[in-house]
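*Asks:* Next comes the structure file model_23.tsv, holding TSV, N, CA and C atoms.
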chain	number	residue	atom	x	y	z
A	1	MET	N	-27.71	-9.33	-21.52
A	1	MET	CA	-28.80	-10.12	-21.01
A	1	MET	C	-28.83	-11.47	-21.74
A	2	ALA	N	-28.64	-11.46	-23.02
A	2	ALA	CA	-28.68	-12.70	-23.79
A	2	ALA	C	-27.53	-13.62	-23.41
A	3	ALA	N	-26.35	-13.05	-23.19
A	3	ALA	CA	-25.19	-13.86	-22.81
A	3	ALA	C	-25.39	-14.49	-21.44
A	4	ALA	N	-25.94	-13.73	-20.49
A	4	ALA	CA	-26.18	-14.27	-19.14
A	4	ALA	C	-27.23	-15.37	-19.18
A	5	THR	N	-28.27	-15.19	-19.97
A	5	THR	CA	-29.31	-16.21	-20.08
A	5	THR	C	-28.76	-17.48	-20.73
A	6	LEU	N	-27.96	-17.32	-21.76
A	6	LEU	CA	-27.36	-18.47	-22.43
A	6	LEU	C	-26.40	-19.21	-21.49
A	7	ALA	N	-25.58	-18.47	-20.73
A	7	ALA	CA	-24.66	-19.09	-19.78
A	7	ALA	C	-25.42	-19.88	-18.73
A	8	GLN	N	-26.50	-19.32	-18.24
A	8	GLN	CA	-27.31	-20.02	-17.24
A	8	GLN	C	-27.94	-21.27	-17.84
A	9	HIS	N	-28.45	-21.17	-19.05
A	9	HIS	CA	-29.09	-22.29	-19.70
A	9	HIS	C	-28.11	-23.43	-19.98
A	10	LEU	N	-26.88	-23.10	-20.34
A	10	LEU	CA	-25.88	-24.13	-20.64
A	10	LEU	C	-25.21	-24.69	-19.38
A	11	GLY	N	-25.50	-24.10	-18.22
A	11	GLY	CA	-24.92	-24.60	-16.97
A	11	GLY	C	-23.55	-24.03	-16.65
A	12	LEU	N	-23.16	-22.99	-17.35
A	12	LEU	CA	-21.84	-22.39	-17.13
A	12	LEU	C	-21.74	-21.77	-15.73
A	13	THR	N	-22.80	-21.11	-15.30
A	13	THR	CA	-22.76	-20.47	-13.98
A	13	THR	C	-22.63	-21.50	-12.87
A	14	GLU	N	-23.28	-22.63	-13.03
A	14	GLU	CA	-23.19	-23.70	-12.03
A	14	GLU	C	-21.78	-24.30	-12.00
A	15	ALA	N	-21.18	-24.49	-13.16
A	15	ALA	CA	-19.82	-25.03	-13.24
A	15	ALA	C	-18.82	-24.06	-12.61
A	16	ILE	N	-18.99	-22.78	-12.87
A	16	ILE	CA	-18.09	-21.78	-12.27
A	16	ILE	C	-18.25	-21.78	-10.76
A	17	GLY	N	-19.47	-21.89	-10.29
A	17	GLY	CA	-19.73	-21.94	-8.85
A	17	GLY	C	-19.07	-23.14	-8.18
A	18	LYS	N	-19.07	-24.29	-8.84
A	18	LYS	CA	-18.43	-25.49	-8.29
A	18	LYS	C	-16.92	-25.31	-8.19
A	19	VAL	N	-16.32	-24.74	-9.24
A	19	VAL	CA	-14.87	-24.53	-9.24
A	19	VAL	C	-14.48	-23.54	-8.14
A	20	VAL	N	-15.22	-22.45	-8.02
A	20	VAL	CA	-14.92	-21.46	-6.98
A	20	VAL	C	-15.10	-22.07	-5.60
A	21	SER	N	-16.11	-22.90	-5.43
A	21	SER	CA	-16.34	-23.56	-4.14
A	21	SER	C	-15.18	-24.48	-3.78
A	22	GLN	N	-14.64	-25.22	-4.75
A	22	GLN	CA	-13.51	-26.09	-4.49
A	22	GLN	C	-12.26	-25.29	-4.15
A	23	ILE	N	-12.05	-24.17	-4.81
A	23	ILE	CA	-10.89	-23.33	-4.50
A	23	ILE	C	-11.01	-22.75	-3.10
A	24	ALA	N	-12.21	-22.35	-2.71
A	24	ALA	CA	-12.41	-21.75	-1.39
A	24	ALA	C	-12.21	-22.76	-0.26
A	25	LYS	N	-12.39	-24.03	-0.52
A	25	LYS	CA	-12.23	-25.05	0.51
A	25	LYS	C	-10.76	-25.36	0.82
A	26	CYS	N	-9.88	-25.10	-0.11
A	26	CYS	CA	-8.46	-25.44	0.02
A	26	CYS	C	-7.67	-24.18	0.39
A	27	PRO	N	-7.00	-24.15	1.56
A	27	PRO	CA	-6.26	-22.95	1.95
A	27	PRO	C	-5.12	-22.60	0.99
A	28	LYS	N	-4.43	-23.63	0.48
A	28	LYS	CA	-3.34	-23.36	-0.46
A	28	LYS	C	-3.86	-22.79	-1.78
A	29	CYS	N	-4.93	-23.37	-2.29
A	29	CYS	CA	-5.51	-22.88	-3.54
A	29	CYS	C	-6.06	-21.47	-3.38
A	30	CYS	N	-6.74	-21.25	-2.27
A	30	CYS	CA	-7.31	-19.93	-2.02
A	30	CYS	C	-6.20	-18.88	-1.90
A	31	SER	N	-5.13	-19.21	-1.21
A	31	SER	CA	-4.00	-18.29	-1.07
A	31	SER	C	-3.36	-18.01	-2.42
A	32	PHE	N	-3.17	-19.06	-3.21
A	32	PHE	CA	-2.55	-18.90	-4.53
A	32	PHE	C	-3.37	-17.98	-5.42
A	33	TRP	N	-4.66	-18.27	-5.57
A	33	TRP	CA	-5.49	-17.50	-6.49
A	33	TRP	C	-5.74	-16.08	-5.99
A	34	THR	N	-5.84	-15.90	-4.68
A	34	THR	CA	-6.01	-14.56	-4.14
A	34	THR	C	-4.77	-13.71	-4.38
A	35	ALA	N	-3.60	-14.29	-4.10
A	35	ALA	CA	-2.35	-13.56	-4.32
A	35	ALA	C	-2.14	-13.27	-5.81
A	36	LEU	N	-2.43	-14.25	-6.66
A	36	LEU	CA	-2.26	-14.05	-8.10
A	36	LEU	C	-3.18	-12.95	-8.61
A	37	THR	N	-4.41	-12.94	-8.15
A	37	THR	CA	-5.36	-11.90	-8.56
A	37	THR	C	-4.91	-10.53	-8.09
A	38	ALA	N	-4.48	-10.44	-6.83
A	38	ALA	CA	-4.04	-9.15	-6.30
A	38	ALA	C	-2.81	-8.64	-7.02
A	39	LEU	N	-1.85	-9.52	-7.28
A	39	LEU	CA	-0.64	-9.11	-7.99
A	39	LEU	C	-0.94	-8.71	-9.44
A	40	TRP	N	-1.85	-9.43	-10.07
A	40	TRP	CA	-2.23	-9.11	-11.45
A	40	TRP	C	-2.92	-7.75	-11.51
A	41	MET	N	-3.77	-7.46	-10.52
A	41	MET	CA	-4.46	-6.17	-10.49
A	41	MET	C	-3.49	-5.02	-10.21
A	42	GLU	N	-2.36	-5.32	-9.59
A	42	GLU	CA	-1.34	-4.30	-9.32
A	42	GLU	C	-0.31	-4.20	-10.45
A	43	ASP	N	-0.61	-4.79	-11.59
A	43	ASP	CA	0.25	-4.74	-12.79
A	43	ASP	C	1.63	-5.35	-12.57
A	44	CYS	N	1.69	-6.44	-11.83
A	44	CYS	CA	2.94	-7.18	-11.64
A	44	CYS	C	3.14	-8.06	-12.89
A	45	SER	N	4.38	-8.30	-13.26
A	45	SER	CA	4.62	-9.16	-14.42
A	45	SER	C	4.13	-10.58	-14.11
A	46	LEU	N	3.68	-11.26	-15.13
A	46	LEU	CA	3.07	-12.58	-14.95
A	46	LEU	C	4.01	-13.61	-14.31
A	47	PRO	N	5.25	-13.76	-14.77
A	47	PRO	CA	6.13	-14.75	-14.13
A	47	PRO	C	6.40	-14.43	-12.66
A	48	LEU	N	6.59	-13.16	-12.36
A	48	LEU	CA	6.82	-12.77	-10.96
A	48	LEU	C	5.57	-13.00	-10.13
A	49	ALA	N	4.41	-12.68	-10.67
A	49	ALA	CA	3.15	-12.87	-9.95
A	49	ALA	C	2.91	-14.35	-9.66
A	50	VAL	N	3.16	-15.21	-10.63
A	50	VAL	CA	2.97	-16.65	-10.42
A	50	VAL	C	3.96	-17.17	-9.38
A	51	GLY	N	5.21	-16.74	-9.48
A	51	GLY	CA	6.22	-17.17	-8.51
A	51	GLY	C	5.89	-16.74	-7.09
A	52	LEU	N	5.49	-15.49	-6.94
A	52	LEU	CA	5.13	-15.01	-5.61
A	52	LEU	C	3.86	-15.69	-5.09
A	53	SER	N	2.94	-15.98	-5.97
A	53	SER	CA	1.72	-16.67	-5.57
A	53	SER	C	2.02	-18.10	-5.11
A	54	LEU	N	2.93	-18.76	-5.80
A	54	LEU	CA	3.35	-20.10	-5.36
A	54	LEU	C	4.03	-20.03	-3.99
A	55	LEU	N	4.84	-19.02	-3.77
A	55	LEU	CA	5.48	-18.84	-2.48
A	55	LEU	C	4.45	-18.61	-1.38
A	56	VAL	N	3.47	-17.79	-1.65
A	56	VAL	CA	2.41	-17.53	-0.66
A	56	VAL	C	1.63	-18.81	-0.36
A	57	ALA	N	1.32	-19.58	-1.40
A	57	ALA	CA	0.60	-20.84	-1.18
A	57	ALA	C	1.43	-21.80	-0.34
A	58	TYR	N	2.73	-21.86	-0.61
A	58	TYR	CA	3.64	-22.72	0.16
A	58	TYR	C	3.70	-22.26	1.62
A	59	LEU	N	3.79	-20.96	1.85
A	59	LEU	CA	3.85	-20.43	3.21
A	59	LEU	C	2.53	-20.61	3.96
A	60	SER	N	1.42	-20.60	3.23
A	60	SER	CA	0.13	-20.79	3.90
A	60	SER	C	0.02	-22.18	4.50
A	61	PHE	N	0.66	-23.16	3.88
A	61	PHE	CA	0.67	-24.51	4.44
A	61	PHE	C	1.36	-24.52	5.80
A	62	TYR	N	2.51	-23.86	5.89
A	62	TYR	CA	3.22	-23.82	7.17
A	62	TYR	C	2.51	-22.94	8.19
A	63	TRP	N	1.82	-21.91	7.75
A	63	TRP	CA	1.03	-21.10	8.67
A	63	TRP	C	-0.09	-21.96	9.29
A	64	GLY	N	-0.68	-22.83	8.49
A	64	GLY	CA	-1.69	-23.76	9.01
A	64	GLY	C	-1.10	-24.68	10.07
A	65	LEU	N	0.14	-25.15	9.86
A	65	LEU	CA	0.78	-25.99	10.86
A	65	LEU	C	1.03	-25.22	12.16
A	66	VAL	N	1.42	-23.96	12.04
A	66	VAL	CA	1.62	-23.12	13.23
A	66	VAL	C	0.31	-22.97	13.99
A	67	LEU	N	-0.78	-22.76	13.28
A	67	LEU	CA	-2.07	-22.63	13.94
A	67	LEU	C	-2.50	-23.92	14.63
A	68	ILE	N	-2.18	-25.06	14.05
A	68	ILE	CA	-2.51	-26.34	14.68
A	68	ILE	C	-1.73	-26.51	15.98
A	69	VAL	N	-0.44	-26.16	15.98
A	69	VAL	CA	0.39	-26.26	17.19
A	69	VAL	C	-0.16	-25.31	18.26
A	70	LEU	N	-0.52	-24.10	17.87
A	70	LEU	CA	-1.07	-23.15	18.84
A	70	LEU	C	-2.39	-23.65	19.42
A	71	GLN	N	-3.19	-24.30	18.61
A	71	GLN	CA	-4.45	-24.85	19.08
A	71	GLN	C	-4.21	-25.96	20.11
A	72	LYS	N	-3.20	-26.80	19.88
A	72	LYS	CA	-2.88	-27.86	20.84
A	72	LYS	C	-2.40	-27.28	22.16
A	73	TRP	N	-1.57	-26.22	22.08
A	73	TRP	CA	-1.12	-25.56	23.31
A	73	TRP	C	-2.31	-24.96	24.06
A	74	TYR	N	-3.20	-24.33	23.35
A	74	TYR	CA	-4.37	-23.74	23.96
A	74	TYR	C	-5.22	-24.81	24.65
A	75	ASN	N	-5.42	-25.94	23.98
A	75	ASN	CA	-6.22	-27.01	24.56
A	75	ASN	C	-5.58	-27.55	25.83
A	76	ARG	N	-4.24	-27.71	25.84
A	76	ARG	CA	-3.55	-28.17	27.05
A	76	ARG	C	-3.70	-27.17	28.19
A	77	LEU	N	-3.52	-25.91	27.89
A	77	LEU	CA	-3.67	-24.89	28.92
A	77	LEU	C	-5.10	-24.83	29.45
A	78	TRP	N	-6.05	-24.95	28.57
A	78	TRP	CA	-7.45	-24.92	28.98
A	78	TRP	C	-7.80	-26.09	29.88
A	79	GLU	N	-7.24	-27.28	29.59
A	79	GLU	CA	-7.50	-28.44	30.45
A	79	GLU	C	-6.83	-28.28	31.81
A	80	LYS	N	-5.67	-27.62	31.86
A	80	LYS	CA	-5.03	-27.37	33.15
A	80	LYS	C	-5.85	-26.40	34.00
A	81	ILE	N	-6.46	-25.43	33.37
A	81	ILE	CA	-7.26	-24.45	34.10
A	81	ILE	C	-8.52	-25.11	34.63
A	82	LYS	N	-9.13	-25.97	33.86
A	82	LYS	CA	-10.34	-26.65	34.28
A	82	LYS	C	-9.99	-27.63	35.33
Output the file's structure as structure tokens, nothing else.

*Replies:*
Amino acid sequence: MAAATLAQHLGLTEAIGKVVSQIAKCPKCCSFWTALTALWMEDCSLPLAVGLSLLVAYLSFYWGLVLIVLQKWYNRLWEKIK
């Protein structure tokens, strides 16, 4: 209880909230930290976990590009139907 009160008083909880909010806004960052956390919880070695997390973050960028292309195709098809 004392540690939580002290953290709140010093603004630590607010700072942590800002960092987490920034990570959640970025798809690459979110993918990296989610993969790193999951691999760490599964007892993966640290260098392998970091490498795989970087790969996942890199692939998430291209997955976003695929979704953008699919959205453009959908919009074209929708305009043809209308």

*Asks:* If I take atom CA of Ala4 of chain A and atom CA of Gly17 of chain A, how far is one from the other in Å, to one decimal?

*Replies:*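 Pair atom CA of Ala4 of chain A / atom CA of Gly17 of chain A returns 14.4 Å.
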
*Asks:* For segment 24-29 of chain A, find every residue with an atom within 7 Å (counting only N, CA and C atoms), except residues of its own chain fewer than 2 positions away, and show them as a ChimeraX atom specification.

*Replies:* /A:19-22,31-34,56-58,60-61

*Asks:* Considering all atoms listed in the file, return as a PDB file with N, CA and C atoms, in the frame of the given file whatever protein or nucleic-acid residues lie within 6 Å of segment 48-51 of chain A, sequence-local ones (same chain, fewer than 3 positions apart) excluded.

*Replies:*
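The resulting file, out-v8.pdb, is reproduced below:
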ATOM      1  N   LEU A  36      -2.430 -14.250  -6.660  1.00  0.00           N
ATOM      2  CA  LEU A  36      -2.260 -14.050  -8.100  1.00  0.00           C
ATOM      3  C   LEU A  36      -3.180 -12.950  -8.610  1.00  0.00           C
ATOM      4  N   LEU A  39      -1.850  -9.520  -7.280  1.00  0.00           N
ATOM      5  CA  LEU A  39      -0.640  -9.110  -7.990  1.00  0.00           C
ATOM      6  C   LEU A  39      -0.940  -8.710  -9.440  1.00  0.00           C
ATOM      7  N   CYS A  44       1.690  -6.440 -11.830  1.00  0.00           N
ATOM      8  CA  CYS A  44       2.940  -7.180 -11.640  1.00  0.00           C
ATOM      9  C   CYS A  44       3.140  -8.060 -12.890  1.00  0.00           C
ATOM     10  N   SER A  45       4.380  -8.300 -13.260  1.00  0.00           N
ATOM     11  CA  SER A  45       4.620  -9.160 -14.420  1.00  0.00           C
ATOM     12  C   SER A  45       4.130 -10.580 -14.110  1.00  0.00           C
ATOM     13  N   LEU A  54       2.930 -18.760  -5.800  1.00  0.00           N
ATOM     14  CA  LEU A  54       3.350 -20.100  -5.360  1.00  0.00           C
ATOM     15  C   LEU A  54       4.030 -20.030  -3.990  1.00  0.00           C
ATOM     16  N   LEU A  55       4.840 -19.020  -3.770  1.00  0.00           N
ATOM     17  CA  LEU A  55       5.480 -18.840  -2.480  1.00  0.00           C
ATOM     18  C   LEU A  55       4.450 -18.610  -1.380  1.00  0.00           C
TER      19      LEU A  55
END

*Asks:* One number please: atom C of Thr13 of chain A to atom CA of Thr37 of chain A, in Å, one decimal.

*Replies:*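 Going from atom C of Thr13 of chain A over to atom CA of Thr37 of chain A, I get 20.2 Å.
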
*Asks:* Record the distance separating atom C of Ile81 of chain A and atom CA of Leu65 of chain A, expressed in Å with one decimal.

*Replies:*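 Atom-to-atom, atom C of Ile81 of chain A to atom CA of Leu65 of chain A, that is 25.5 Å.
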
*Asks:* Can you tell me, as JSON, the centre and edge lengths (Å, one decimal) of the axis-aligned box enclosing all of segment 48-67 of chain A's listed atoms after padding each side by 4 Å?

*Replies:*
{"center_x": 2.2, "center_y": -19.3, "center_z": 1.1, "size_x": 17.3, "size_y": 21.3, "size_z": 35.0}

*Asks:* Could segment 12-32 of chain A be completed with N, CA, C and O atoms and returned as a PDB file, in the frame of the given file?

*Replies:*
ATOM      1  N   LEU A  12     -23.160 -22.990 -17.350  1.00  0.00           N
ATOM      2  CA  LEU A  12     -21.840 -22.390 -17.130  1.00  0.00           C
ATOM      3  C   LEU A  12     -21.740 -21.770 -15.730  1.00  0.00           C
ATOM      4  O   LEU A  12     -20.724 -21.911 -15.068  1.00  0.00           O
ATOM      5  N   THR A  13     -22.800 -21.110 -15.300  1.00  0.00           N
ATOM      6  CA  THR A  13     -22.760 -20.470 -13.980  1.00  0.00           C
ATOM      7  C   THR A  13     -22.630 -21.500 -12.870  1.00  0.00           C
ATOM      8  O   THR A  13     -21.930 -21.277 -11.883  1.00  0.00           O
ATOM      9  N   GLU A  14     -23.280 -22.630 -13.030  1.00  0.00           N
ATOM     10  CA  GLU A  14     -23.190 -23.700 -12.030  1.00  0.00           C
ATOM     11  C   GLU A  14     -21.780 -24.300 -12.000  1.00  0.00           C
ATOM     12  O   GLU A  14     -21.225 -24.586 -10.931  1.00  0.00           O
ATOM     13  N   ALA A  15     -21.180 -24.490 -13.160  1.00  0.00           N
ATOM     14  CA  ALA A  15     -19.820 -25.030 -13.240  1.00  0.00           C
ATOM     15  C   ALA A  15     -18.820 -24.060 -12.610  1.00  0.00           C
ATOM     16  O   ALA A  15     -17.907 -24.486 -11.889  1.00  0.00           O
ATOM     17  N   ILE A  16     -18.990 -22.780 -12.870  1.00  0.00           N
ATOM     18  CA  ILE A  16     -18.090 -21.780 -12.270  1.00  0.00           C
ATOM     19  C   ILE A  16     -18.250 -21.780 -10.760  1.00  0.00           C
ATOM     20  O   ILE A  16     -17.270 -21.699 -10.016  1.00  0.00           O
ATOM     21  N   GLY A  17     -19.470 -21.890 -10.290  1.00  0.00           N
ATOM     22  CA  GLY A  17     -19.730 -21.940  -8.850  1.00  0.00           C
ATOM     23  C   GLY A  17     -19.070 -23.140  -8.180  1.00  0.00           C
ATOM     24  O   GLY A  17     -18.533 -23.033  -7.081  1.00  0.00           O
ATOM     25  N   LYS A  18     -19.070 -24.290  -8.840  1.00  0.00           N
ATOM     26  CA  LYS A  18     -18.430 -25.490  -8.290  1.00  0.00           C
ATOM     27  C   LYS A  18     -16.920 -25.310  -8.190  1.00  0.00           C
ATOM     28  O   LYS A  18     -16.302 -25.695  -7.198  1.00  0.00           O
ATOM     29  N   VAL A  19     -16.320 -24.740  -9.240  1.00  0.00           N
ATOM     30  CA  VAL A  19     -14.870 -24.530  -9.240  1.00  0.00           C
ATOM     31  C   VAL A  19     -14.480 -23.540  -8.140  1.00  0.00           C
ATOM     32  O   VAL A  19     -13.533 -23.780  -7.382  1.00  0.00           O
ATOM     33  N   VAL A  20     -15.220 -22.450  -8.020  1.00  0.00           N
ATOM     34  CA  VAL A  20     -14.920 -21.460  -6.980  1.00  0.00           C
ATOM     35  C   VAL A  20     -15.100 -22.070  -5.600  1.00  0.00           C
ATOM     36  O   VAL A  20     -14.320 -21.800  -4.680  1.00  0.00           O
ATOM     37  N   SER A  21     -16.110 -22.900  -5.430  1.00  0.00           N
ATOM     38  CA  SER A  21     -16.340 -23.560  -4.140  1.00  0.00           C
ATOM     39  C   SER A  21     -15.180 -24.480  -3.780  1.00  0.00           C
ATOM     40  O   SER A  21     -14.747 -24.529  -2.630  1.00  0.00           O
ATOM     41  N   GLN A  22     -14.640 -25.220  -4.750  1.00  0.00           N
ATOM     42  CA  GLN A  22     -13.510 -26.090  -4.490  1.00  0.00           C
ATOM     43  C   GLN A  22     -12.260 -25.290  -4.150  1.00  0.00           C
ATOM     44  O   GLN A  22     -11.483 -25.692  -3.270  1.00  0.00           O
ATOM     45  N   ILE A  23     -12.050 -24.170  -4.810  1.00  0.00           N
ATOM     46  CA  ILE A  23     -10.890 -23.330  -4.500  1.00  0.00           C
ATOM     47  C   ILE A  23     -11.010 -22.750  -3.100  1.00  0.00           C
ATOM     48  O   ILE A  23     -10.029 -22.699  -2.353  1.00  0.00           O
ATOM     49  N   ALA A  24     -12.210 -22.350  -2.710  1.00  0.00           N
ATOM     50  CA  ALA A  24     -12.410 -21.750  -1.390  1.00  0.00           C
ATOM     51  C   ALA A  24     -12.210 -22.760  -0.260  1.00  0.00           C
ATOM     52  O   ALA A  24     -11.866 -22.365   0.855  1.00  0.00           O
ATOM     53  N   LYS A  25     -12.390 -24.030  -0.520  1.00  0.00           N
ATOM     54  CA  LYS A  25     -12.230 -25.050   0.510  1.00  0.00           C
ATOM     55  C   LYS A  25     -10.760 -25.360   0.820  1.00  0.00           C
ATOM     56  O   LYS A  25     -10.440 -25.832   1.898  1.00  0.00           O
ATOM     57  N   CYS A  26      -9.880 -25.100  -0.110  1.00  0.00           N
ATOM     58  CA  CYS A  26      -8.460 -25.440   0.020  1.00  0.00           C
ATOM     59  C   CYS A  26      -7.670 -24.180   0.390  1.00  0.00           C
ATOM     60  O   CYS A  26      -7.637 -23.228  -0.390  1.00  0.00           O
ATOM     61  N   PRO A  27      -7.000 -24.150   1.560  1.00  0.00           N
ATOM     62  CA  PRO A  27      -6.260 -22.950   1.950  1.00  0.00           C
ATOM     63  C   PRO A  27      -5.120 -22.600   0.990  1.00  0.00           C
ATOM     64  O   PRO A  27      -4.891 -21.426   0.696  1.00  0.00           O
ATOM     65  N   LYS A  28      -4.430 -23.630   0.480  1.00  0.00           N
ATOM     66  CA  LYS A  28      -3.340 -23.360  -0.460  1.00  0.00           C
ATOM     67  C   LYS A  28      -3.860 -22.790  -1.780  1.00  0.00           C
ATOM     68  O   LYS A  28      -3.305 -21.828  -2.312  1.00  0.00           O
ATOM     69  N   CYS A  29      -4.930 -23.370  -2.290  1.00  0.00           N
ATOM     70  CA  CYS A  29      -5.510 -22.880  -3.540  1.00  0.00           C
ATOM     71  C   CYS A  29      -6.060 -21.470  -3.380  1.00  0.00           C
ATOM     72  O   CYS A  29      -5.865 -20.612  -4.245  1.00  0.00           O
ATOM     73  N   CYS A  30      -6.740 -21.250  -2.270  1.00  0.00           N
ATOM     74  CA  CYS A  30      -7.310 -19.930  -2.020  1.00  0.00           C
ATOM     75  C   CYS A  30      -6.200 -18.880  -1.900  1.00  0.00           C
ATOM     76  O   CYS A  30      -6.320 -17.778  -2.451  1.00  0.00           O
ATOM     77  N   SER A  31      -5.130 -19.210  -1.210  1.00  0.00           N
ATOM     78  CA  SER A  31      -4.000 -18.290  -1.070  1.00  0.00           C
ATOM     79  C   SER A  31      -3.360 -18.010  -2.420  1.00  0.00           C
ATOM     80  O   SER A  31      -3.037 -16.865  -2.741  1.00  0.00           O
ATOM     81  N   PHE A  32      -3.170 -19.060  -3.210  1.00  0.00           N
ATOM     82  CA  PHE A  32      -2.550 -18.900  -4.530  1.00  0.00           C
ATOM     83  C   PHE A  32      -3.370 -17.980  -5.420  1.00  0.00           C
ATOM     84  O   PHE A  32      -2.860 -17.006  -5.971  1.00  0.00           O
TER      85      PHE A  32
END
